[in-house]
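Asker: One structure follows; several queries about it will come next.
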Amino acid sequence: MATLGSALFEARNLTMKFGGLVAVNNFSLRLEGGELMGLIGPNGAGKTTIFNMITGNLVPTSGNVIWQGEDITGLPPHKITAKGIARTFQNIRLFADMTVLENVMVSFHYKIKASFWHAMLGLNKYRREEERIRERSINLLREVGLAHLAGEKAGALAYGQQRRLEIARALATSPKLLLLDEPAAGMNPQETMELADFVRKIRDSFNLTIFLIEHDMKFVMGLCEWIKVLDYGNTIAEGTPEEIQNNPEVIKAYLGEPKYATG
Amino acid sequence: MTTKIFLQQLSNGISLGSLYGLVAIGYTMVYGILRLINFAHGDLLMVAAYTAIYGITLFSLPWYVSFPLAIIITGIIGILLDKCAYKPLRDAPRISLLISAIGASFLLENLALVIIGGVPKAFPRPEVFAKVIEIGGIRIQMLTIYTPIITLILLFGLLYIVFHTKVGKAMRAASVDFETTRLMGIDLDRIIAFTFLLGSSLAAAGGVMWAMKYPQVNPFMGVIPGLKAFIAAVLGGIGNIVGAVLGGFLLGLGEILLVAFMPEMAQYRDAFAFAILILVLLFRPTGIMGEPLVDKT
Amino acid sequence: MTKTRRNLILNCASLVVLFGILWLFQEYGTEYQIRILNNIAVFITLAVSYNLVNGICGQLHLGPNAFITIGAYTSALLTMSPTEKQMSFIIKPLIWPLSVIQVPFWISLIMAGTVATVFAFFISFPVFRVRGDYLAIVTLGFGEVVRVLCNALQSVTNGPLGLKGLKPYTNLWWSWSIAIFTIIVIQRLINSSWGRAMKAIRENEIAAQAMGVDPFKHLMMAFLISAFFSGVAGGLLAHLITTISPTLFTFFLTFNLLIIIVVGGLGSTTGAVIGATLFAWGGEALRVVESPMDIGPIHIPGIPGMRMVLFSVILMVVIIFARRGITGRNEFSWDWLLGKLSFGSR
């Protein structure tokens, strides 16, 4: 297939089957760059599976992931991160027994220019780089409002702070595309509102494209410019928040259901 | 090689394989629920063998009393093992659980060494099993014939429990989703205890037959069969009971036939099993009958 | 005075003190004391490098005895003179180049580490395809395979007869210099960006990978470095005991190392050093329980295995009731010590 011009990211007909079960069927997505795209759908609709296919945690049964014209389907997750796609996790996955600062510093590791031997011999090239990583990590923590907690163990942070740290850590890998997996899960309305502002802010200041999964309809409707709706692995609708809110299919599949607590 | 010798070796392989299979069931059942290699499982063979010996020599029990008694006692020791070494660590990091398992294994072995001593004890073989018969010119010990039969009977009994009783249903549920099963109000501790009881009893049956096959009992006799049985469980597909027995048969047959066809390989016999393990893990980590892992990110 | 400068001075001063003490023992100590000091140093080397894989990377590796064995044989074969080798290998002659090579002790130690690392490289491919319990059993299996090979490859290892009459090259200077070198290298690694990546893998491998860390590369790196020092320590042990055989470095040794790092504090180099010292020293002291005793008129015969019973119980008690061991994941630092001292004097 010829490259289709300028798309930053493209998912083409991603399909994932586990045994006989089709978890995701023919999912396609095109991002030009700079969007704030949302993906919604009931529990078990296959949203996280889509993320896992994009980030290389799962290899799709069929379909392709195209990044800046290059086919990256099936690359291991760390290589995909290095290409410029970062993610957060639905169930927070911090390095709990490391400090907040160290959590962020890990993300700079893959870009390190000094070699292992430089580090072992304590050469200046490595020392300077380590110092720069530390500075940039602290700056990033300042940006997300966690700088005062830099020396704390990540596991000791409050829930909302842990969510922020997850985002800071993902940002430290210098992504162009950021995938957020249910960033508002477990937050109260006040925190959710702050988070929406925060996501908008980082999109602008880091020049990001954001693709997020969310349960909280209000959050997605208020934040995202374009929304896709997934049900039983199939994309049943897409459009602007207004269009989605008025789509009868969506109402039937998702909004019509009584809303359960997230989880 | 003549057909006669081949058949002889084949029967040896099947008999050895069924012992691996019996022990492998315990590994696979515990792994299925706790996701833990019960390192001390192999040592239960030794516990059963000693218990059976003392039943006969110290209490002058007939073998048909002493052997089942040994199996029951070992089953109970299996439950105690779980209660002391694993239960306190249910929510601990997995590495702790494994270390505790290794500690338990060394403890059992060295307790036996301290209490009984390192000199191997002869295992009294009942005449029924020791008798040698001749079929079509092949001389076979009755034990070699009984072992696979007993294994299959125990296997079917176990399958009945697992698939047709309430407790079996709970065991299967726990192996699919531990947390949800707990939430559904099933007393998981009892299910786990029952699993250890079954697995350990089968290991004990294997241990008694192993001791009849190689009638020198010492504190470390369970180590190698334990490791081999674990490999058999992986080969068959960990978590799968029928797979464990199948893996046991394949490994036992493979070992015996390797030595039969290539006698110069005899000294590499113990390495053979590990080579199999590495090959399985490299090319088909889910084993013969295992199911592919489902996304758990 | 900056902190770095102060720490450097304190480090150097404590090294001078340490080697001063060693010199005193060398001059005035008994043979028994010197042996224990040597054991402590070798166990420090082993435990600190073992902790890198188990404590820092969080992978339960059960095969250090394999690398110790490989190191011991490599080093021994390289220091024995061609005549000694010819006389030792009575079943099958030793294969050529090994039969004629003889090198100084220090080269043999480097080779011991190198050969162990080469083996580690090849085994790391199957080992790090799996995790958790599987990784444990594969590494344990590798230890068994090495033992089988030592028995079987008679034209290299002299089979079950082993190698006897090695020169006792290992002395306090060698063993302690290497122990300190190991601590410095491993600590540097742990505190570097690479060490951080390894800890991230331990804490949450999926997340570490999502942050761009290649788990295989980093685990292999830790595994190879650990194998190198295990191999060197194997060479030291060979020239300390002067006799090696396939049954010398079994899973028992691995079990002992596991106790050391768990009791010391899994994930802490300081813990590994404390654990190794306690083990090598206390382990000797505990020999009492295995030797025959006469209490008044009552004669208690020696009970073999009693020490291992105690060790197993200690391991299980620590892992169940005090999982953090002695130090947890904390490390010794001068800041901490000086802080304690000034607090005490206040």
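Every chain in the structure tokens takes a letter, A first, then B, and so on in the order presented; its residues are numbered from 1, and the ligands are numbered from 1 following the presented order.
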Can you check which residues of chain C have any atom within 7 Å of chain A? Use only C-alpha atoms and format it as an NGL selection string.
Answerer: :C and (185 or 188-189 or 192-193 or 196-197 or 200 or 203-204 or 207 or 209-214)
Asker: Deliver the residues from the most recent selection as a file, using N, CA and C atoms, as a tab-separated table (two decimals), in the first residue's frame.
Answerer:
chain	number	residue	atom	x	y	z
C	185	VAL	N	32.20	-1.66	41.50
C	185	VAL	CA	31.62	-1.77	40.16
C	185	VAL	C	30.10	-1.89	40.23
C	188	ARG	N	28.35	1.30	41.37
C	188	ARG	CA	28.33	2.27	40.27
C	188	ARG	C	27.22	1.95	39.30
C	189	LEU	N	27.14	0.68	38.97
C	189	LEU	CA	26.12	0.26	38.02
C	189	LEU	C	24.72	0.56	38.57
C	192	SER	N	23.69	4.09	38.43
C	192	SER	CA	23.72	4.75	37.12
C	192	SER	C	22.34	4.68	36.48
C	193	SER	N	22.25	5.28	35.32
C	193	SER	CA	21.01	5.26	34.56
C	193	SER	C	20.62	3.82	34.22
C	196	ARG	N	19.07	2.22	37.24
C	196	ARG	CA	17.70	2.71	37.40
C	196	ARG	C	16.75	1.95	36.49
C	197	ALA	N	17.21	1.70	35.26
C	197	ALA	CA	16.38	0.95	34.32
C	197	ALA	C	16.13	-0.46	34.85
C	200	ALA	N	13.59	-0.36	37.50
C	200	ALA	CA	12.27	-0.13	36.90
C	200	ALA	C	11.70	-1.45	36.41
C	203	GLU	N	10.38	-3.26	39.36
C	203	GLU	CA	9.16	-2.68	39.92
C	203	GLU	C	7.95	-2.97	39.03
C	204	ASN	N	8.11	-2.80	37.74
C	204	ASN	CA	6.99	-3.06	36.84
C	204	ASN	C	7.52	-3.17	35.41
C	207	ALA	N	5.55	-1.43	32.50
C	207	ALA	CA	5.71	0.02	32.49
C	207	ALA	C	7.11	0.41	32.05
C	209	GLN	N	9.07	-1.09	30.07
C	209	GLN	CA	9.18	-1.24	28.62
C	209	GLN	C	8.43	-0.11	27.90
C	210	ALA	N	7.29	0.28	28.47
C	210	ALA	CA	6.54	1.37	27.86
C	210	ALA	C	7.31	2.69	27.97
C	211	MET	N	8.26	2.78	28.88
C	211	MET	CA	9.08	4.00	28.99
C	211	MET	C	10.36	3.87	28.17
C	212	GLY	N	10.42	2.88	27.32
C	212	GLY	CA	11.54	2.78	26.38
C	212	GLY	C	12.68	1.89	26.85
C	213	VAL	N	12.53	1.24	28.02
C	213	VAL	CA	13.60	0.37	28.51
C	213	VAL	C	13.47	-1.01	27.85
C	214	ASP	N	14.56	-1.50	27.27
C	214	ASP	CA	14.55	-2.83	26.66
C	214	ASP	C	14.84	-3.86	27.76
Asker: Could you write out as a ChimeraX atom specification the residues of chain B within 6 Å of chain C, counting only C-alpha atoms?
Answerer: /B:100,103,107,110,113-114,271,274
Asker: Those residues you just picked out, can you put them in a file as a PDB file, in the first residue's frame with N, CA and C atoms?
Answerer:
ATOM      1  N   SER B 100      10.307 -18.894  49.775  1.00  0.00           N
ATOM      2  CA  SER B 100       9.753 -19.684  50.872  1.00  0.00           C
ATOM      3  C   SER B 100       9.625 -21.151  50.457  1.00  0.00           C
ATOM      4  N   GLY B 103      12.973 -22.713  50.620  1.00  0.00           N
ATOM      5  CA  GLY B 103      13.304 -22.925  52.023  1.00  0.00           C
ATOM      6  C   GLY B 103      12.591 -24.152  52.576  1.00  0.00           C
ATOM      7  N   LEU B 107      14.196 -27.480  54.138  1.00  0.00           N
ATOM      8  CA  LEU B 107      13.856 -27.814  55.512  1.00  0.00           C
ATOM      9  C   LEU B 107      13.424 -29.277  55.612  1.00  0.00           C
ATOM     10  N   ASN B 110      16.458 -31.629  55.081  1.00  0.00           N
ATOM     11  CA  ASN B 110      17.438 -31.664  56.160  1.00  0.00           C
ATOM     12  C   ASN B 110      16.838 -32.114  57.480  1.00  0.00           C
ATOM     13  N   LEU B 113      17.187 -35.636  57.205  1.00  0.00           N
ATOM     14  CA  LEU B 113      18.598 -35.985  57.409  1.00  0.00           C
ATOM     15  C   LEU B 113      18.921 -36.019  58.902  1.00  0.00           C
ATOM     16  N   VAL B 114      18.397 -35.024  59.638  1.00  0.00           N
ATOM     17  CA  VAL B 114      18.685 -34.946  61.060  1.00  0.00           C
ATOM     18  C   VAL B 114      17.984 -36.072  61.819  1.00  0.00           C
ATOM     19  N   ALA B 271      20.543 -34.244  32.118  1.00  0.00           N
ATOM     20  CA  ALA B 271      20.583 -33.006  31.348  1.00  0.00           C
ATOM     21  C   ALA B 271      19.518 -33.021  30.250  1.00  0.00           C
ATOM     22  N   PHE B 274      16.292 -31.265  31.098  1.00  0.00           N
ATOM     23  CA  PHE B 274      16.387 -29.804  31.080  1.00  0.00           C
ATOM     24  C   PHE B 274      16.484 -29.265  29.659  1.00  0.00           C
TER      25      PHE B 274
END
Asker: Choose the residue, out of B:Ile95, B:Leu89, B:Val23, B:Leu152, that has the smallest atom-to-atom separation from Arg131 in chain C; count only C-alpha atoms.
Answerer: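 The closest residue to Arg131 in chain C is B:Ile95.
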Asker: With 9 Å as the limit and counting only C-alpha atoms, what residues in chain A lie close to chain B? Please list them as a list in words.
Answerer: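 On the chain A side, the interface is Phe18, Gly19, Thr48, Thr49, Asn52, Asn57, Leu58, Phe89, Gln90 and Asn91 of chain A.
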Asker: Save the residues we just selected, C-alpha atoms, as a compact mmCIF listing (two decimals), in the first residue's frame?
Answerer:
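Generated file (part.txt):
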# COMPACT_ATOMS: atom_id res chain seq x y z
CA PHE A 18 -8.11 -14.47 21.35
CA GLY A 19 -8.87 -18.05 20.48
CA THR A 48 -7.42 -1.30 26.03
CA THR A 49 -6.76 -4.05 23.50
CA ASN A 52 -2.03 -2.67 23.43
CA ASN A 57 2.05 -5.17 23.93
CA LEU A 58 -0.10 -7.26 21.61
CA PHE A 89 -2.02 2.58 32.13
CA GLN A 90 -5.55 2.10 33.32
CA ASN A 91 -4.39 0.35 36.48
Asker: Mind checking DSSP for range 75-134 of chain A and telling me the alpha helix (DSSP H) residues as a CSV table (one decimal) with C-alpha atoms, in the first residue's frame?
Answerer:
chain,number,residue,atom,x,y,z
A,77,PRO,CA,6.9,-1.8,23.1
A,78,HIS,CA,10.2,-0.2,23.9
A,79,LYS,CA,10.9,0.4,20.2
A,80,ILE,CA,7.5,1.9,19.7
A,81,THR,CA,8.1,4.3,22.6
A,82,ALA,CA,11.4,5.3,21.0
A,83,LYS,CA,9.5,6.2,17.8
A,100,VAL,CA,9.1,10.2,42.1
A,101,LEU,CA,12.2,11.8,40.5
A,102,GLU,CA,13.7,8.4,39.6
A,103,ASN,CA,10.3,7.4,38.0
A,104,VAL,CA,10.7,10.2,35.6
A,105,MET,CA,14.4,9.8,35.0
A,106,VAL,CA,13.9,6.2,33.8
A,116,PHE,CA,27.7,2.0,29.8
A,117,TRP,CA,31.5,2.2,30.0
A,118,HIS,CA,31.4,5.9,30.3
A,119,ALA,CA,29.2,5.4,33.4
A,120,MET,CA,31.4,2.7,34.9
A,124,ASN,CA,32.4,13.5,32.3
A,125,LYS,CA,30.4,12.7,29.3
A,126,TYR,CA,28.1,10.5,31.4
A,127,ARG,CA,28.1,12.7,34.4
A,128,ARG,CA,27.0,15.7,32.4
A,129,GLU,CA,24.3,13.7,30.8
A,130,GLU,CA,23.0,12.3,34.1
A,131,GLU,CA,22.9,15.9,35.4
A,132,ARG,CA,20.9,17.0,32.4
A,133,ILE,CA,18.5,14.2,32.8
A,134,ARG,CA,18.0,15.1,36.5
Asker: Between CA of Ala273 in chain B and CA of Leu19 in chain B, what distance in Å does the model show, to one decimal?
Answerer: 14.8 Å
Asker: Would you kindly return, as a PyMOL selection string, each protein, DNA or RNA residue with an atom no farther than 10 Å from any atom of Ser66 in chain B, considering only C-alpha atoms and excluding same-chain residues fewer than 2 positions away?
Answerer: chain B and resi 51-57+59-64+68-72
Asker: Next, write the just-selected residues to a file, as a PDB file, in the first residue's frame, keeping C-alpha atoms as the atom set.
Answerer:
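As a result, out_30.pdb now contains:
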ATOM      1  CA  THR B  51       6.308 -43.081  56.315  1.00  0.00           C
ATOM      2  CA  ALA B  52       5.561 -46.292  54.427  1.00  0.00           C
ATOM      3  CA  ILE B  53       8.821 -47.859  55.621  1.00  0.00           C
ATOM      4  CA  TYR B  54       8.164 -47.004  59.246  1.00  0.00           C
ATOM      5  CA  GLY B  55       4.589 -48.220  58.965  1.00  0.00           C
ATOM      6  CA  ILE B  56       5.893 -51.620  57.971  1.00  0.00           C
ATOM      7  CA  THR B  57       9.054 -51.937  60.037  1.00  0.00           C
ATOM      8  CA  PHE B  59       4.488 -50.724  63.533  1.00  0.00           C
ATOM      9  CA  SER B  60       4.512 -54.032  61.652  1.00  0.00           C
ATOM     10  CA  LEU B  61       1.547 -52.962  59.560  1.00  0.00           C
ATOM     11  CA  PRO B  62       0.800 -54.951  56.436  1.00  0.00           C
ATOM     12  CA  TRP B  63       1.668 -53.051  53.256  1.00  0.00           C
ATOM     13  CA  TYR B  64      -1.970 -52.582  52.252  1.00  0.00           C
ATOM     14  CA  PRO B  68      -2.555 -45.896  52.099  1.00  0.00           C
ATOM     15  CA  LEU B  69      -1.721 -44.528  55.527  1.00  0.00           C
ATOM     16  CA  ALA B  70       1.494 -43.054  54.141  1.00  0.00           C
ATOM     17  CA  ILE B  71      -0.497 -41.447  51.356  1.00  0.00           C
ATOM     18  CA  ILE B  72      -2.990 -39.882  53.769  1.00  0.00           C
TER      19      ILE B  72
END
Asker: Between A:Ile236, A:Glu182, A:Glu143, A:Gly41, which residue has the minimum interatomic distance to Lys201 in chain A, considering only C-alpha atoms?
Answerer: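 Comparing A:Ile236, A:Glu182, A:Glu143, A:Gly41 against Lys201 in chain A, the winner is A:Glu143.
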Asker: Kindly give the distance, in Å, that separates CA of Phe219 in chain A and CA of Arg30 in chain A, rounded to a single decimal.
Answerer: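 That distance, rounded to one decimal, is 22.2 Å.
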Asker: List the neighbours of Gly237 in chain B out to 12 Å using only C-alpha atoms; skip same-chain residues closer than 6 positions along the sequence, and give me the result as a list in words.
Answerer: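 Close residues of Gly237 in chain B: Ala24, Ile25, Tyr27, Thr28, Met29, Tyr31, Gly32, Phe230, Ile231, Gly243, Ala244, Val245, Leu246, Gly247, Gly248, Leu277, Val280, Leu281, Arg284, Pro285, Thr286, Gly287, Ile288, Met289, Gly290, Glu291, Pro292 and Leu293 of chain B.
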Asker: Given only C-alpha atoms as the basis, pick out the residue of B:Phe178, B:Phe6, B:Tyr146, B:Phe129 nearest to Arg35 in chain B.
Answerer: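 Closest to Arg35 in chain B of all the choices is B:Phe178.
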Asker: Could you state the separation of CA of Asn51 in chain C and CA of Phe229 in chain C in Å, given to one decimal place?
Answerer: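 Atom-to-atom, CA of Asn51 in chain C and CA of Phe229 in chain C are spaced 11.6 Å apart.
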Asker: Considering only C-alpha atoms, return as a list in words whatever protein or nucleic-acid residues lie within 7 Å of Ile79 in chain B, sequence-local ones (same chain, fewer than 5 positions apart) excluded.
Answerer: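 Near neighbours after the sequence-gap exclusion: Ala193, Phe196 and Leu197 of chain B.
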Asker: Need to verify the contact set: Leu80 in chain B, 12 Å, only C-alpha atoms, exclusion of same-chain residues closer than 5 positions in sequence. Can you return it as a list in words?
Answerer: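 In the requested form, the answer reads Ala40, Leu44, Ile73, Thr74, Gly75, Ala85, Tyr86, Lys87, Ala104, Ile192, Ala193, Phe194, Phe196, Leu197 and Ser200 of chain B.
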